[in-house]
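The file coords31.txt comes next; it holds compact mmCIF, C-alpha atoms.
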```
# COMPACT_ATOMS: atom_id res chain seq x y z
CA MET A 1 -12.27 18.41 -7.38
CA ALA A 2 -13.74 15.38 -5.61
CA GLY A 3 -12.25 12.08 -4.47
CA ILE A 4 -13.25 8.55 -3.50
CA TYR A 5 -11.73 6.58 -0.62
CA VAL A 6 -12.11 2.80 -0.27
CA HIS A 7 -11.21 1.17 3.05
CA VAL A 8 -9.77 -2.35 2.95
CA PRO A 9 -9.44 -3.38 6.62
CA PHE A 10 -7.50 -6.61 6.27
CA CYS A 11 -3.80 -7.21 6.93
CA LYS A 12 -1.46 -10.07 7.74
CA GLN A 13 -0.64 -8.76 11.21
CA LYS A 14 -1.08 -5.57 13.22
CA CYS A 15 1.86 -3.22 13.60
CA THR A 16 2.59 -2.13 17.17
CA TYR A 17 1.74 1.51 16.41
CA CYS A 18 -1.45 0.90 14.41
CA ASP A 19 -4.75 2.30 15.69
CA PHE A 20 -6.53 2.13 12.34
CA VAL A 21 -9.58 -0.08 11.92
CA SER A 22 -7.93 -3.21 10.57
CA PHE A 23 -8.08 -6.95 11.19
CA ALA A 24 -5.27 -9.50 11.09
CA ASN A 25 -5.66 -13.10 9.99
CA ARG A 26 -9.34 -12.86 9.08
CA GLU A 27 -9.06 -13.89 5.44
CA ASN A 28 -12.27 -15.92 5.80
CA GLU A 29 -14.20 -12.62 6.06
CA VAL A 30 -12.73 -10.95 2.96
CA GLU A 31 -15.29 -12.22 0.44
CA GLY A 32 -18.25 -11.26 2.61
CA TYR A 33 -16.80 -7.82 3.23
CA PHE A 34 -16.34 -7.07 -0.45
CA THR A 35 -19.87 -8.29 -1.15
CA SER A 36 -21.09 -5.63 1.29
CA LEU A 37 -18.67 -3.05 -0.08
CA PHE A 38 -19.96 -3.56 -3.62
CA LYS A 39 -23.53 -3.01 -2.42
CA GLU A 40 -22.59 0.18 -0.57
CA ILE A 41 -20.89 1.56 -3.68
CA VAL A 42 -24.05 1.03 -5.71
CA MET A 43 -26.30 2.37 -2.93
CA LYS A 44 -24.45 5.68 -2.71
CA ALA A 45 -24.22 6.27 -6.47
CA PRO A 46 -27.49 8.21 -6.97
CA ALA A 47 -26.35 10.91 -4.51
CA ALA A 48 -23.22 11.52 -6.57
CA LYS A 49 -24.90 11.98 -9.92
CA GLY A 50 -23.28 14.80 -11.86
CA VAL A 51 -20.08 14.82 -9.79
CA THR A 52 -16.77 14.06 -11.48
CA PHE A 53 -14.22 12.28 -9.28
CA HIS A 54 -10.57 13.01 -9.99
CA THR A 55 -9.01 10.62 -7.46
CA VAL A 56 -9.65 7.14 -6.09
CA TYR A 57 -7.65 5.87 -3.12
CA PHE A 58 -7.51 2.32 -1.69
CA GLY A 59 -6.34 2.50 1.95
CA GLY A 60 -6.33 0.19 4.92
CA GLY A 61 -5.40 -2.05 6.53
CA THR A 62 -3.32 -3.40 3.71
CA PRO A 63 -5.19 -3.35 0.39
CA SER A 64 -2.39 -5.31 -1.26
CA PHE A 65 -2.95 -8.13 1.26
CA VAL A 66 -6.21 -9.27 -0.37
CA GLU A 67 -6.34 -10.91 -3.78
CA SER A 68 -5.99 -8.39 -6.60
CA VAL A 69 -9.29 -9.54 -8.13
CA TYR A 70 -11.16 -7.81 -5.28
CA ILE A 71 -9.39 -4.51 -5.94
CA ALA A 72 -9.95 -4.75 -9.69
CA ALA A 73 -13.64 -5.58 -9.24
CA THR A 74 -14.10 -2.68 -6.82
CA LEU A 75 -12.52 -0.19 -9.20
CA LYS A 76 -14.54 -1.52 -12.13
CA LEU A 77 -17.76 -1.10 -10.14
CA ILE A 78 -16.81 2.46 -9.14
CA LYS A 79 -16.18 3.38 -12.77
CA GLN A 80 -19.51 1.85 -13.78
CA ASN A 81 -21.49 3.79 -11.18
CA TYR A 82 -19.59 7.08 -10.83
CA CYS A 83 -18.11 9.62 -13.20
CA VAL A 84 -14.37 9.06 -12.80
CA ALA A 85 -12.19 11.48 -14.77
CA GLN A 86 -10.24 9.94 -17.62
CA ASN A 87 -6.95 11.16 -16.12
CA ALA A 88 -7.90 10.37 -12.52
CA GLU A 89 -5.17 9.58 -10.01
CA ILE A 90 -5.88 6.05 -8.68
CA THR A 91 -3.75 4.95 -5.73
CA ILE A 92 -3.35 1.74 -3.75
CA GLU A 93 -1.49 1.35 -0.46
CA MET A 94 0.92 -1.57 -0.38
CA ASN A 95 3.03 -3.35 2.22
CA PRO A 96 6.35 -4.53 0.75
CA GLY A 97 5.74 -7.97 2.22
CA THR A 98 2.65 -8.41 0.03
CA VAL A 99 3.94 -7.04 -3.28
CA THR A 100 4.31 -9.33 -6.29
CA ALA A 101 4.84 -8.71 -9.99
CA GLU A 102 1.50 -10.39 -10.67
CA LYS A 103 -0.37 -8.06 -8.35
CA ILE A 104 1.24 -4.96 -9.81
CA ALA A 105 0.35 -6.10 -13.31
CA ALA A 106 -3.25 -6.76 -12.25
CA TYR A 107 -3.51 -3.35 -10.58
CA LYS A 108 -2.24 -1.61 -13.70
CA ARG A 109 -4.69 -3.51 -15.92
CA ALA A 110 -7.48 -2.37 -13.61
CA GLY A 111 -6.42 1.27 -13.99
CA ILE A 112 -4.33 1.93 -10.88
CA ASN A 113 -1.58 4.41 -11.72
CA ARG A 114 -0.08 5.33 -8.35
CA PHE A 115 1.34 3.15 -5.57
CA SER A 116 1.91 4.07 -1.92
CA VAL A 117 4.43 1.78 -0.23
CA GLY A 118 4.78 1.54 3.55
CA PHE A 119 8.54 1.22 4.09
CA GLN A 120 8.79 3.09 7.45
CA THR A 121 12.49 2.43 8.13
CA ALA A 122 15.57 0.73 6.67
CA ASP A 123 16.47 -0.70 10.10
CA ASP A 124 15.50 -4.39 10.13
CA ALA A 125 15.63 -4.61 13.93
CA GLU A 126 13.22 -1.71 14.22
CA LEU A 127 10.93 -3.17 11.55
CA ALA A 128 10.71 -6.35 13.62
CA ARG A 129 10.05 -4.33 16.77
CA LEU A 130 7.23 -2.53 14.99
CA ASN A 131 5.81 -5.94 13.94
CA ARG A 132 6.15 -5.10 10.26
CA ILE A 133 5.96 -8.12 7.93
CA HIS A 134 8.85 -7.07 5.69
CA THR A 135 12.56 -6.35 5.78
CA LYS A 136 14.70 -3.70 4.08
CA ALA A 137 15.63 -6.26 1.43
CA GLU A 138 11.97 -7.03 0.73
CA PHE A 139 11.25 -3.33 0.32
CA ILE A 140 14.05 -3.11 -2.22
CA GLU A 141 12.63 -6.08 -4.14
CA ALA A 142 9.19 -4.41 -4.17
CA ALA A 143 10.73 -1.13 -5.29
CA LYS A 144 12.50 -2.89 -8.15
CA LEU A 145 9.14 -4.22 -9.32
CA LEU A 146 7.82 -0.65 -9.29
CA GLN A 147 10.65 0.85 -11.31
CA GLY A 148 9.23 3.37 -13.77
CA GLU A 149 5.92 3.62 -11.89
CA ASN A 150 4.59 6.59 -9.95
CA TYR A 151 5.10 5.49 -6.37
CA SER A 152 5.33 7.04 -2.93
CA VAL A 153 7.08 5.77 0.18
CA ASP A 154 6.07 6.23 3.83
CA ILE A 155 8.90 6.90 6.28
CA MET A 156 8.55 7.20 10.07
CA ILE A 157 10.68 9.33 12.37
CA GLY A 158 10.84 9.26 16.16
CA LEU A 159 11.38 5.50 16.44
CA HIS A 160 13.34 3.79 19.22
CA ASP A 161 16.84 5.30 19.59
CA HIS A 162 16.34 6.99 16.23
CA THR A 163 19.31 8.89 14.81
CA VAL A 164 19.72 11.37 11.98
CA GLU A 165 21.85 8.81 10.14
CA GLN A 166 19.05 6.22 10.32
CA VAL A 167 16.48 8.66 8.97
CA GLN A 168 18.77 9.64 6.11
CA GLU A 169 19.50 6.00 5.32
CA SER A 170 15.79 5.18 5.06
CA LEU A 171 15.26 8.15 2.75
CA ARG A 172 18.36 7.26 0.72
CA VAL A 173 17.11 3.73 0.09
CA ALA A 174 13.64 4.95 -0.89
CA LEU A 175 14.98 7.53 -3.35
CA ASN A 176 17.74 5.37 -4.77
CA TYR A 177 15.10 2.87 -5.82
CA GLY A 178 12.90 5.36 -7.64
CA ALA A 179 10.37 6.88 -5.23
CA SER A 180 8.99 10.15 -6.61
CA HIS A 181 7.10 11.06 -3.45
CA VAL A 182 7.84 10.64 0.27
CA SER A 183 5.48 10.95 3.22
CA MET A 184 7.65 11.46 6.31
CA TYR A 185 5.63 11.27 9.51
CA ALA A 186 6.57 11.61 13.16
CA LEU A 187 5.51 8.46 15.00
CA THR A 188 2.48 9.20 17.18
CA PRO A 189 2.03 6.72 20.04
CA GLU A 190 -1.70 6.08 20.31
CA ASP A 191 -3.32 4.96 23.54
CA GLY A 192 -4.38 1.32 23.26
CA THR A 193 -1.54 0.29 20.94
CA PRO A 194 1.42 -1.85 22.11
CA LEU A 195 3.80 0.99 21.24
CA TYR A 196 2.06 3.27 23.73
CA THR A 197 3.67 1.30 26.55
CA ASP A 198 7.10 2.11 25.11
CA TYR A 199 6.11 5.77 25.07
CA LEU A 200 4.98 5.68 28.70
CA ASN A 201 8.26 3.98 29.64
CA GLY A 202 10.25 6.79 28.03
CA GLU A 203 11.67 4.54 25.31
CA LEU A 204 10.89 6.93 22.44
CA PRO A 205 12.69 10.18 21.55
CA ASP A 206 11.46 13.45 23.08
CA GLY A 207 9.93 16.25 21.05
CA ASP A 208 13.16 18.19 20.56
CA THR A 209 14.93 15.11 19.21
CA VAL A 210 12.05 14.34 16.82
CA ALA A 211 12.19 17.94 15.59
CA GLU A 212 15.91 17.52 14.83
CA LEU A 213 15.20 14.28 12.96
CA TYR A 214 12.48 16.01 10.96
CA GLU A 215 14.68 18.96 9.97
CA ALA A 216 17.48 16.58 8.96
CA GLY A 217 15.01 14.61 6.84
CA VAL A 218 13.69 17.80 5.22
CA ALA A 219 17.22 18.92 4.35
CA TYR A 220 18.10 15.53 2.87
CA LEU A 221 14.96 15.37 0.75
CA LYS A 222 15.60 18.88 -0.53
CA SER A 223 19.15 17.89 -1.48
CA ARG A 224 17.70 15.02 -3.53
CA GLY A 225 15.26 17.23 -5.44
CA LEU A 226 12.03 16.67 -3.51
CA ARG A 227 10.06 19.75 -2.53
CA ARG A 228 7.98 19.91 0.64
CA TYR A 229 4.44 20.85 -0.37
CA GLU A 230 2.79 19.92 2.94
CA VAL A 231 4.17 19.44 6.46
CA SER A 232 4.80 15.71 6.03
CA ASN A 233 4.78 15.33 2.24
CA PHE A 234 7.54 15.82 -0.31
CA ALA A 235 7.56 15.24 -4.04
CA ARG A 236 9.43 15.73 -7.26
CA ASP A 237 7.74 18.25 -9.52
CA GLY A 238 4.48 16.86 -10.89
CA TYR A 239 4.23 14.01 -8.38
CA GLN A 240 2.24 15.59 -5.54
CA SER A 241 -0.60 13.44 -4.23
CA ARG A 242 -3.74 14.85 -5.82
CA HIS A 243 -5.90 12.83 -3.43
CA ASN A 244 -4.31 14.37 -0.35
CA LEU A 245 -4.28 17.83 -1.90
CA ASN A 246 -8.05 17.49 -2.27
CA TYR A 247 -8.32 16.89 1.50
CA TRP A 248 -6.14 19.90 2.29
CA LYS A 249 -8.22 22.15 0.02
CA ARG A 250 -11.46 20.94 1.66
CA GLY A 251 -12.58 19.22 -1.50
CA GLU A 252 -15.45 16.76 -1.36
CA TYR A 253 -14.87 13.04 -0.98
CA LEU A 254 -16.95 9.91 -0.53
CA GLY A 255 -15.74 7.02 1.61
CA PHE A 256 -16.74 3.39 1.11
CA GLY A 257 -16.26 0.56 3.57
CA ILE A 258 -16.03 0.07 7.30
CA ALA A 259 -14.87 3.19 9.22
CA ALA A 260 -14.75 5.23 6.00
CA HIS A 261 -15.30 8.98 6.32
CA SER A 262 -16.97 11.30 3.83
CA PHE A 263 -17.29 15.06 3.32
CA TYR A 264 -20.05 15.85 0.86
CA LYS A 265 -22.41 18.78 0.31
CA GLY A 266 -21.31 20.49 3.52
CA LYS A 267 -21.74 17.41 5.72
CA ARG A 268 -19.28 15.05 7.34
CA PHE A 269 -20.33 11.47 7.98
CA SER A 270 -18.61 8.21 8.81
CA ASN A 271 -19.40 4.51 8.74
CA THR A 272 -19.45 2.14 11.66
CA GLU A 273 -16.14 0.61 12.78
CA ASN A 274 -17.87 -2.68 13.65
CA LEU A 275 -17.59 -5.20 10.82
CA ALA A 276 -20.64 -7.23 11.81
CA GLU A 277 -22.73 -4.07 12.06
CA TYR A 278 -21.46 -2.87 8.70
CA ASN A 279 -22.42 -6.13 6.98
CA ALA A 280 -25.81 -6.21 8.72
CA CYS A 281 -26.68 -2.66 7.66
CA ILE A 282 -25.74 -3.27 4.05
CA ALA A 283 -27.72 -6.53 3.99
CA LYS A 284 -30.78 -4.47 4.99
CA GLU A 285 -29.89 -1.81 2.38
CA VAL A 286 -29.36 0.70 5.18
CA PHE A 287 -26.41 3.07 5.09
CA PRO A 288 -23.95 2.08 7.86
CA VAL A 289 -23.47 5.69 8.98
CA VAL A 290 -22.97 6.16 12.74
CA PHE A 291 -21.92 9.82 12.75
CA GLU A 292 -23.16 12.77 10.72
CA GLU A 293 -22.87 16.52 11.16
CA GLU A 294 -23.39 19.66 9.17
CA VAL A 295 -20.21 21.72 9.14
CA SER A 296 -20.94 25.15 10.62
CA PRO A 297 -19.53 28.34 9.03
CA ILE A 298 -17.06 28.74 11.92
CA GLU A 299 -15.92 25.12 11.62
CA ALA A 300 -15.53 25.52 7.87
CA GLU A 301 -13.36 28.60 8.37
CA GLU A 302 -11.20 26.84 10.97
CA GLU A 303 -10.75 23.86 8.66
CA PHE A 304 -9.89 26.10 5.71
CA ILE A 305 -7.14 27.89 7.65
CA LEU A 306 -5.78 24.83 9.47
CA LEU A 307 -5.52 22.74 6.32
CA ALA A 308 -4.16 25.56 4.14
CA LEU A 309 -1.38 26.35 6.60
CA ARG A 310 -0.24 22.73 6.46
CA THR A 311 0.72 23.36 2.83
CA GLU A 312 3.54 25.29 1.23
CA GLU A 313 1.00 27.52 -0.53
CA GLY A 314 -0.69 28.56 2.70
CA VAL A 315 -3.87 30.67 2.89
CA ASN A 316 -4.77 32.32 -0.40
CA PHE A 317 -6.48 35.61 0.45
CA ALA A 318 -8.70 35.64 -2.66
CA GLU A 319 -9.89 32.07 -2.02
CA TYR A 320 -10.57 32.88 1.63
CA GLU A 321 -12.59 36.00 0.77
CA LYS A 322 -14.57 34.10 -1.87
CA ALA A 323 -15.39 31.35 0.63
CA PHE A 324 -16.17 33.48 3.70
CA GLY A 325 -17.02 36.94 2.36
CA THR A 326 -14.50 38.91 4.39
CA SER A 327 -10.88 40.04 4.26
CA PHE A 328 -8.41 37.71 5.95
CA THR A 329 -5.98 40.53 6.76
CA GLN A 330 -8.71 42.67 8.29
CA LYS A 331 -10.00 39.86 10.48
CA TYR A 332 -6.64 38.42 11.51
CA GLY A 333 -4.36 41.44 11.13
CA ALA A 334 -3.44 41.74 14.83
CA LYS A 335 -2.62 38.03 15.10
CA LEU A 336 -0.60 38.12 11.88
CA GLN A 337 1.55 40.85 13.43
CA LYS A 338 1.94 38.87 16.65
CA LEU A 339 3.01 35.77 14.70
CA ALA A 340 5.12 37.66 12.16
CA SER A 341 8.31 35.78 13.05
CA PHE A 342 6.62 32.51 11.99
CA LEU A 343 4.94 33.74 8.82
CA ASN A 344 5.61 34.88 5.28
CA CYS A 345 2.87 37.29 4.26
CA ASP A 346 2.42 39.13 0.95
CA GLU A 347 -0.44 40.58 -1.10
CA LYS A 348 -1.56 37.12 -2.27
CA GLY A 349 -1.60 35.19 0.99
CA VAL A 350 0.13 33.99 4.13
CA ARG A 351 2.14 30.85 4.75
CA ILE A 352 4.30 29.46 7.51
CA LEU A 353 8.03 30.00 7.02
CA PRO A 354 9.78 26.81 5.87
CA GLU A 355 12.04 26.72 8.93
CA LYS A 356 8.98 27.04 11.22
CA MET A 357 6.85 24.37 9.53
CA TYR A 358 7.46 21.78 12.25
CA VAL A 359 5.67 23.99 14.82
CA GLN A 360 2.73 24.51 12.47
CA ASP A 361 0.23 23.15 15.02
CA GLY A 362 1.15 25.81 17.57
CA VAL A 363 1.03 28.63 15.03
CA VAL A 364 -2.42 27.59 13.85
CA ALA A 365 -3.69 27.19 17.42
CA GLU A 366 -2.59 30.74 18.21
CA LEU A 367 -4.14 32.13 15.03
CA LEU A 368 -7.48 30.42 15.62
CA ALA A 369 -7.71 31.09 19.37
CA ASP A 370 -11.00 32.79 20.30
CA LEU A 371 -12.37 32.49 16.75
```
Starting from the file, give its structure as structure tokens.
Amino acid sequence: MAGIYVHVPFCKQKCTYCDFVSFANRENEVEGYFTSLFKEIVMKAPAAKGVTFHTVYFGGGTPSFVESVYIAATLKLIKQNYCVAQNAEITIEMNPGTVTAEKIAAYKRAGINRFSVGFQTADDAELARLNRIHTKAEFIEAAKLLQGENYSVDIMIGLHDHTVEQVQESLRVALNYGASHVSMYALTPEDGTPLYTDYLNGELPDGDTVAELYEAGVAYLKSRGLRRYEVSNFARDGYQSRHNLNYWKRGEYLGFGIAAHSFYKGKRFSNTENLAEYNACIAKEVFPVVFEEEVSPIEAEEEFILLALRTEEGVNFAEYEKAFGTSFTQKYGAKLQKLASFLNCDEKGVRILPEKMYVQDGVVAELLADL
């Protein structure tokens, strides 16, 4: 399976935790950016001849911030130049403060069939503190417009003075208004963001508290019928994100737009994060790639194990042996015994125990040490 990612870097305002490549209040640059984006899509098409893409994902920034005509035109151009599967999953990220019935209708006409809504929390005071452009009530209005659609909701944990009750309330609101998928992430303070100062000042919960919030969220989601299929992702049966599953299975993907990353034919490459440089490269019909590397066999193996152990399925022994030509249990047998209290191992594969999933990073680090 292969996927396409399209980066839309514009938004109304920057959230205090955001370290993504995005620009606030630069609507005057939208048209020029999409002109360049369209050219890049056409430029890359010959290299993807013969590949069928099963997912397309519009991320940002806030893709729903720009006029829907840009999204529709981008998707039309992709379908004209690439082989997109008839039943492809096509997702757009949306901020509740930018959702309208007209936009949703336009997205659906264009072929979008999945929506990812950034709710984050049901606490209006915290939303304001995070510099979000919406309230709980505005999320509910957006969710009502999406009734009957396949949509996911992002929820953050580890916010200021965060309690179990607040996490459960955010999840309750999301599910009561029809979400079929939830991405529940621990807030990560990134250096250079306004929120990092709060972290340095000790204003955010410690690791043990965040772990308690996570486990409470997991239990609540399970009680509402959503199954955890990856560390931070939960879905009703049949509603897992196919685009993200492609990442976790090391499937190929092409990225379009500023700062977009790609993994194709054993290579990883990424575009410049500088908008002026991106536009200048495209104007000269030069790919705006600033980083490129061939993934070594050791790196490929590390990625395979790390990504697989993020998922409920874990490492499939047959898939591992097919990819790397050796037995997983023979190579890692001693470490599997050492980590036995964290793992569920059978003849088909190995996975992290559900109750140990939150410490997945440490388990993987131990397993891959000295590889």
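The coordinates place atom CA of A:Glu141 at 25.4 Å from atom CA of A:Lys222.
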Quick one: contact table of stretch 1-102 of chain A to stretch 148-171 of chain A, 12 Å max, nearest atom pair and distance in Å to one decimal per residue, counting only C-alpha atoms, chain and number order, as a tab-separated table?
```
residue	atom	partner	partner_atom	distance
A:Thr16	CA	A:Leu159	CA	11.7
A:Tyr17	CA	A:Leu159	CA	10.4
A:Glu89	CA	A:Asn150	CA	10.2
A:Ile90	CA	A:Asn150	CA	10.6
A:Thr91	CA	A:Tyr151	CA	8.9
A:Ile92	CA	A:Tyr151	CA	9.6
A:Glu93	CA	A:Ser152	CA	9.2
A:Met94	CA	A:Val153	CA	9.6
A:Asn95	CA	A:Asp154	CA	10.2
A:Pro96	CA	A:Val153	CA	10.3
```
Hey, can you spit out that residue selection with C-alpha atoms as a PDB file, keeping the file's coordinate frame?
```pdb
ATOM      1  CA  THR A  16       2.590  -2.130  17.170  1.00  0.00           C
ATOM      2  CA  TYR A  17       1.740   1.510  16.410  1.00  0.00           C
ATOM      3  CA  GLU A  89      -5.170   9.580 -10.010  1.00  0.00           C
ATOM      4  CA  ILE A  90      -5.880   6.050  -8.680  1.00  0.00           C
ATOM      5  CA  THR A  91      -3.750   4.950  -5.730  1.00  0.00           C
ATOM      6  CA  ILE A  92      -3.350   1.740  -3.750  1.00  0.00           C
ATOM      7  CA  GLU A  93      -1.490   1.350  -0.460  1.00  0.00           C
ATOM      8  CA  MET A  94       0.920  -1.570  -0.380  1.00  0.00           C
ATOM      9  CA  ASN A  95       3.030  -3.350   2.220  1.00  0.00           C
ATOM     10  CA  PRO A  96       6.350  -4.530   0.750  1.00  0.00           C
TER      11      PRO A  96
END
```
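Interatomic distance, atom CA of A:Lys348 against atom CA of A:Ala88: 29.3 Å.
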Measure the distance from atom CA of A:Arg172 to atom CA of A:Glu102 in Å and round it to one decimal.
->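 It comes out at 26.9 Å.
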Quick one: residues within 8 Å of A:Asn131, only C-alpha atoms counted, chain neighbours fewer than 5 positions away excluded, as a count of residues only?
-> 4
Please provide as a PyMOL selection string all residues within 10 Å of A:Phe38, with the sequence filter that same-chain residues fewer than 2 positions apart are discarded (counting only C-alpha atoms).
-> chain A and resi 33-36+40-43+70+73-75+77-78+256-257+282
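Distances from A:Gly118, A:Gly32, A:Gly314, A:Gly333 to A:Arg351 were compared using only C-alpha atoms, and the smallest one belongs to A:Gly314.
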Near A:Arg236, counting all atoms listed in the file, which residues have an atom at most 6 Å away, once you skip same-chain residues fewer than 3 positions from it, shown as number ranges by chain?
-> A: 180, 226, 239
Residues at most 10 Å from A:Cys11, counting all atoms listed in the file, excluding those fewer than 6 positions away in the same chain, as a PyMOL selection string?
-> chain A and resi 22-27+60-66+95+98+133
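Nearest to A:Glu285 of all the residues A:Val51, A:Ala72, A:Ala128, A:Leu37 is A:Leu37, counting all atoms listed in the file.
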Between A:Leu368, A:Ala318, A:Ile258, A:Ile71, which one has atoms that come closest to A:Glu299, using only C-alpha atoms?
->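 Using only C-alpha atoms, A:Glu299 sits closest to A:Leu368.
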Expected answer as a ChimeraX atom specification: all residues with atoms within 12 Å of (-2.9, 30.8, -2.6), only C-alpha atoms | /A:249,304-305,308-309,311-321,345-351
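Distances here use only C-alpha atoms; by that measure, the residue among A:Asp191, A:Glu273, A:Asp123, A:Asp208 closest to A:Pro9 is A:Glu273.
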Counting all atoms listed in the file, figure out which residue out of A:Glu303, A:Phe234, A:His243, A:Asp370 gets nearest to A:Ala219.
->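 Residue with the minimum atom-to-atom distance to A:Ala219: A:Phe234.
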Just the residues within 12 Å of A:Arg242, please, counting only C-alpha atoms, with nothing from its chain fewer than 4 positions along; format it as a list in words.
-> Met1, Ala2, Gly3, Ile4, Phe53, His54, Thr55, Val56, Tyr57, Asn87, Ala88, Glu89, Ile90, Thr91, Arg114, His181, Tyr229, Asn233, Ala235, Gly238, Asn246, Tyr247, Trp248, Lys249 and Gly251 of chain A
Among listed residues A:Leu221, A:Ala211, A:Lys356, A:Gly202, nearest A:Asn176 (using only C-alpha atoms) = A:Leu221
Would you mind completing stretch 110-125 of chain A so that it carries N, CA and C atoms, and writing it out as a tab-separated table (two decimals), in the frame of the given file?
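As a result, result_29.tsv now contains:
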```tsv
chain	number	residue	atom	x	y	z
A	110	ALA	N	-6.22	-2.89	-14.16
A	110	ALA	CA	-7.48	-2.37	-13.61
A	110	ALA	C	-7.57	-0.85	-13.72
A	111	GLY	N	-6.41	-0.19	-13.87
A	111	GLY	CA	-6.42	1.27	-13.99
A	111	GLY	C	-5.70	2.00	-12.89
A	112	ILE	N	-5.10	1.28	-11.95
A	112	ILE	CA	-4.33	1.93	-10.88
A	112	ILE	C	-3.04	2.49	-11.46
A	113	ASN	N	-2.75	3.76	-11.14
A	113	ASN	CA	-1.58	4.41	-11.72
A	113	ASN	C	-0.67	5.06	-10.69
A	114	ARG	N	-0.95	4.80	-9.40
A	114	ARG	CA	-0.08	5.33	-8.35
A	114	ARG	C	-0.05	4.33	-7.20
A	115	PHE	N	1.15	4.14	-6.62
A	115	PHE	CA	1.34	3.15	-5.57
A	115	PHE	C	1.94	3.83	-4.33
A	116	SER	N	1.41	3.51	-3.17
A	116	SER	CA	1.91	4.07	-1.92
A	116	SER	C	2.44	2.93	-1.05
A	117	VAL	N	3.76	2.92	-0.86
A	117	VAL	CA	4.43	1.78	-0.23
A	117	VAL	C	4.85	2.13	1.20
A	118	GLY	N	4.42	1.33	2.15
A	118	GLY	CA	4.78	1.54	3.55
A	118	GLY	C	6.12	0.91	3.88
A	119	PHE	N	7.19	1.69	3.78
A	119	PHE	CA	8.54	1.22	4.09
A	119	PHE	C	8.81	1.42	5.58
A	120	GLN	N	8.64	2.64	6.06
A	120	GLN	CA	8.79	3.09	7.45
A	120	GLN	C	10.24	3.29	7.89
A	121	THR	N	11.09	2.28	7.73
A	121	THR	CA	12.49	2.43	8.13
A	121	THR	C	13.34	1.36	7.46
A	122	ALA	N	14.63	1.70	7.26
A	122	ALA	CA	15.57	0.73	6.67
A	122	ALA	C	16.24	-0.12	7.73
A	123	ASP	N	15.88	0.04	8.99
A	123	ASP	CA	16.47	-0.70	10.10
A	123	ASP	C	15.67	-1.97	10.34
A	124	ASP	N	16.23	-3.13	10.00
A	124	ASP	CA	15.50	-4.39	10.13
A	124	ASP	C	15.10	-4.70	11.56
A	125	ALA	N	15.96	-4.35	12.52
A	125	ALA	CA	15.63	-4.61	13.93
A	125	ALA	C	14.42	-3.80	14.35
```
